[in-house]
Amino acid sequence: MKLERVELRRIDIPLSTPFRTSLGLELNRDILLLRADTSEGPGWGECVAMPEPGYSEEYLDGAAEIIRRFLLPAVAALDELTPARAAAAMAAFPGHPMAKATVEMAVMDAWLRARRTSYADHLGAVRTVVDCGVSVGIADTIGLLIAEVSGYVDQGYRRIKLKIEPGWDLEPVRAIRERFPDIALQADANAAYTLADARHLAALDAFDLVMLEQPLGSGDLRDHAALARMLRTPICLDESITSARAATDAIGLGACAIVNIKAGRVGGYLEARRIHDVCVAHSVPVWCGGMLETGLGQAANLALAALPGFTLPADIVPSERYFATDVTAPIRMSEGRIAVPGGPGLGLEPMLEVVEGYTTDVVTVTGFS
Ligand code: SMG
Ligand code: MG
């Protein structure tokens with residue numbers, strides 16, 4: 001297989017529910033899609049970088065730039081293109097995991113489609129359905145939060161995750177726990193605290209949380225280990241786990257008891273699988289994180305979340321959670337579960353006329369030798 005032509009497409013989709021975290025407020029999703037045309041057919045990738053740096057240092061314009069100028073030429077130089085060879089070629093450039101994951105995702109889609117194999121089978125999935133959790137943004141009032149969470153509980157989600165930040169933590173968590181004594185509940189701070197907040201965070205132990213996700217900075221592994229010794233609530237790391245090596249270090253230091261895996265954060269689905277393998281070897285449970293993806297990204301995430309070590313509900317949601325009209329046929333949830341696509345590649349196609357309608361910019365990259 002050989003890469004022949006690439007389309008970098010920016011789309012802008014209104015969010016049906018605004019989403020606020022300690023990182024800021026999202027009202028719409030400005031997303032980069034990548035269509036890779038190869039000698040064996042097309043494949044699609046989705047970039048999970050946000051328009052601005054915040055979750056990590058990556059941002060959309062930067063991702064598009066490094067893809068176009070550096071990653072695509074390196075991948076196009078390969079005569080026998082495979083997902084693993086694409087990842088190896090891109091590894092020559094340090095950093096930029098979300099950009100690399102976008103290219104790898106599209107190459108893998110094209111390569112698997114041509115081989116009539118699904119992402120799920122290729123990655124080693126053992127399940128046909130995935131348990132879904134929902135991530136609930138910071139609300140304006142406790143009353144509005146309770147109303148929003150009630151709706152999600154009624155829809156059947158199997159776990160509720162509350163975004164927290166200083167000033168919005170113990171009160172919302174207490175209110176939801178009092179109202180829903182039996183739900184699986186967890187909190188995600190997106191690195192909004194420091195170790196000086198340890199006593200305050202220890203008050204979360206009263207609410208029987210499944211985990212506290214990324215309370216401290218992404219580089220603060222030792223501080224997370226110190227915090228873990230002061231809390232009964234298990235610590236889960238998200239932003240800190242940038243590679244299989246980082247996962248090994250974090251587990252060895254006692255910085256986390258649970259790991260959130262996002263392919264975009266770690267450079268692709270192949271590295272995501274290696275992190276899964278490291279965690280399974282250490283008996284550390286993992287779950288699949290989300291970045292408000294369209295149906296394309298969710299399709300790949302569903303395949304990943306079907307691997308054996310993914311034993312906790314994923315941040316994988318039906319299309320309607322965020323989008324009135326998704327770019328794929330709508331992903332639907334039934335009894336808090338979503339089916340893993342079984343068709344070749346991602347198993348889902350973008351609806352080209354819908355994509356066209358959301359498109360704000362298209363750059364075509366050709367001229368690969
Ligand atoms: O449903 O895809 C979703 C959102 C899940 O909360 C979610 N993601 O830190 O886990 C996380 C956040 C990162 C996105 S905030 C820009
Ligand atoms: Mg998180």
# chains A, B, ... in the order shown; residues from 1 in each chain; ligands from 1
>>> residues_around(residues="Gly267 of chain A", least_positions_apart="5", cutoff="7 Å", atoms="only C-alpha atoms", output="PyMOL selection string")
chain A and resi 97-98+100-101
>>> residues_near_ligand(ligand="ligand 2", cutoff="12 Å", atoms="only C-alpha atoms and all ligand atoms", output="PyMOL selection string")
chain A and resi 21-23+55-56+134-137+161-164+186-192+211-218+235-241+259-262+265+287-292+314-315
>>> closest_residue(among="A:Met1, A:Val130, A:Ala299, A:Ala120", to="Met333 of chain A", atoms="only C-alpha atoms")
A:Val130
>>> closest_residue(among="A:Glu353, A:Glu4, A:Asp208, A:Glu271", to="Arg174 of chain A", atoms="only C-alpha atoms")
A:Asp208
>>> select_by_dssp(residues="segment 102-343 of chain A", states="strand (DSSP E)", output="PyMOL selection string")
chain A and resi 129-131+133-136+159-163+185-188+212-213+235-237+258-261+286-288+337-339
>>> residues_around(residues="Val149 of chain A", least_positions_apart="2", cutoff="12 Å", atoms="only C-alpha atoms", output="PyMOL selection string")
chain A and resi 133-139+142-147+151-162+172-173+175-177+179-180+183+185
>>> atom_distance(atom1="atom CA of Thr359 of chain A", atom2="atom CA of Ile13 of chain A")
8.9 Å
>>> closest_residue(among="A:Gly252, A:Gly343, A:Pro14, A:Pro53", to="ligand 1", atoms="only C-alpha atoms and all ligand atoms")
A:Pro53
>>> residues_around(residues="Leu3 of chain A", least_positions_apart="5", cutoff="7 Å", atoms="only C-alpha atoms", output="list in words")
Asp37, Thr38, Ser39 and Ala76 of chain A
>>> write_last_selection(atoms="C-alpha atoms", output="PDB file, in the first residue's frame")
ATOM      1  CA  ASP A  37      -6.325   8.046  -0.298  1.00  0.00           C
ATOM      2  CA  THR A  38      -4.027   5.091  -0.784  1.00  0.00           C
ATOM      3  CA  SER A  39      -3.269   2.688  -3.620  1.00  0.00           C
ATOM      4  CA  ALA A  76       4.268   8.854   1.899  1.00  0.00           C
TER       5      ALA A  76
END
>>> residues_around(residues="Glu46 of chain A", least_positions_apart="5", cutoff="12 Å", atoms="only C-alpha atoms", output="ChimeraX atom specification")
/A:7-11,30-36,60,63-64,98-107,109,263-264,268,291-301,327,346,350
